[in-house]
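Here the structure is laid out as structure tokens; the discussion comes afterwards.
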Amino acid sequence: MAKNTMGTKLPQKLEQKMQIVGEQIKLARLRRNLTIAQVAERATCSTPTVSRIEKGSPTVAIGIYLRVLYALQLDEGILWLAKEDELGRRLQDLSLKNRQRASKKE
């Protein structure tokens with residue numbers, strides 16, 4: 001019987017983004033003229049895992065994604081994730097605004 005993987009099912013938009021990330025990692029590997037086996041060895045993971053990353057698999061742990069990025073010398077890019085939080089800043093600014101009240105009439 002197949003294992004229930006409902007928890008790993010992503011919305012279609014996120015699946016597409018994961019595929020793009022996988023393609024970008026694959027292109028980075030190819031630009032460096034590295035095989036999947038070489039990246040796997042440097043990232044201390046298996047070749048099927050690197051293949052799944054390059055396909056955008058959401059079931060691969062983020063730590064392994066980071067090790068592959070490190071093996072490709074792309075790990076600094078992870079610092080850009082969630083760096084610009086425009087929505088969060090707007091929400092924070094709204095809560096900081098003081099309410100204006102009319103002066104008391106005497």
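Note on naming: chains are A, B, ... as they come in the structure tokens, residues start from 1 per chain, ligands start from 1 in the order shown.
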
Residues of range 32-88 of chain A that approach range 7-22 of chain A to 10 Å or less, counting only C-alpha atoms: could you list each one with the shortest pair of atoms and its distance in Å to one decimal, rows by chain and increasing residue number, as a Markdown table?
| residue | atom | partner | partner_atom | distance |
| --- | --- | --- | --- | --- |
| A:Val50 | CA | A:Gly22 | CA | 9.4 |
| A:Ser51 | CA | A:Gly22 | CA | 8.9 |
| A:Arg52 | CA | A:Gly22 | CA | 8.2 |
| A:Ile53 | CA | A:Gly22 | CA | 5.5 |
| A:Glu54 | CA | A:Gly22 | CA | 3.9 |
| A:Lys55 | CA | A:Gly22 | CA | 5.2 |
| A:Gly56 | CA | A:Gln19 | CA | 4.2 |
| A:Ser57 | CA | A:Met18 | CA | 6.9 |
| A:Pro58 | CA | A:Thr8 | CA | 6.6 |
| A:Thr59 | CA | A:Thr8 | CA | 6.4 |
| A:Val60 | CA | A:Thr8 | CA | 10.0 |
| A:Tyr65 | CA | A:Gly22 | CA | 9.5 |

Open item on the list: Using only C-alpha atoms, which protein or nucleic acid residues come within 10 Å of Pro48 in chain A? Drop anything in the same chain fewer than 6 positions from it, and give the result as a ChimeraX atom specification.
Closed with: /A:36-37,40,54

TODO: DSSP on the backbone, then: every residue of chain A marked helix (DSSP H, G or I), written as a ChimeraX atom specification.
DONE: /A:6-8,12-31,36-42,47-54,62-71,75-80,86-96

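Compared by their closest atoms to Ala61 in chain A, and using only C-alpha atoms, the residues A:Trp80, A:Thr49, A:Arg90, A:Lys105 rank with A:Thr49 nearest.
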
- [ ] Report the distance between CA of Ser103 in chain A and CA of Leu91 in chain A in Å, rounded to one decimal place.
- [x]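 Here the two named atoms are 27.6 Å from each other.
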
Open item on the list: List as number ranges by chain the protein and nucleic acid residues near range 71-75 of chain A, meaning an atom at most 9 Å away when only C-alpha atoms are counted, but skip any in the same chain fewer than 2 places from it.
Closed with: A: 25, 28-29, 32, 39-43, 66-69, 77-79

Kindly export the residues of the current selection with C-alpha atoms, as a short mmCIF file (atom, residue, chain, number, x, y, z; two decimals), in the first residue's frame.
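Written out: result06.cif:
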data_model
loop_
_atom_site.label_atom_id
_atom_site.label_comp_id
_atom_site.auth_asym_id
_atom_site.auth_seq_id
_atom_site.Cartn_x
_atom_site.Cartn_y
_atom_site.Cartn_z
CA ILE A 25 20.48 24.22 -9.59
CA ALA A 28 24.56 25.81 -12.11
CA ARG A 29 25.91 22.25 -11.95
CA ARG A 32 30.54 24.12 -13.51
CA VAL A 39 27.79 17.15 -6.53
CA ALA A 40 26.34 14.33 -4.47
CA GLU A 41 29.77 13.46 -3.10
CA ARG A 42 30.53 17.08 -2.22
CA ALA A 43 27.10 17.51 -0.64
CA LEU A 66 21.54 23.87 1.31
CA ARG A 67 24.33 21.29 1.16
CA VAL A 68 23.92 21.07 -2.63
CA LEU A 69 23.94 24.87 -2.90
CA GLY A 77 21.87 33.19 -1.97
CA ILE A 78 19.89 31.58 0.86
CA LEU A 79 20.25 34.81 2.82
#

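Here CA of Tyr70 in chain A and CA of Glu23 in chain A stand 16.4 Å from one another.
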
Task: Atomic separation - CA of Glu84 in chain A relative to CA of Arg31 in chain A, Å - done: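 According to the coordinates, CA of Arg31 in chain A and CA of Glu84 in chain A are separated by 28.8 Å.
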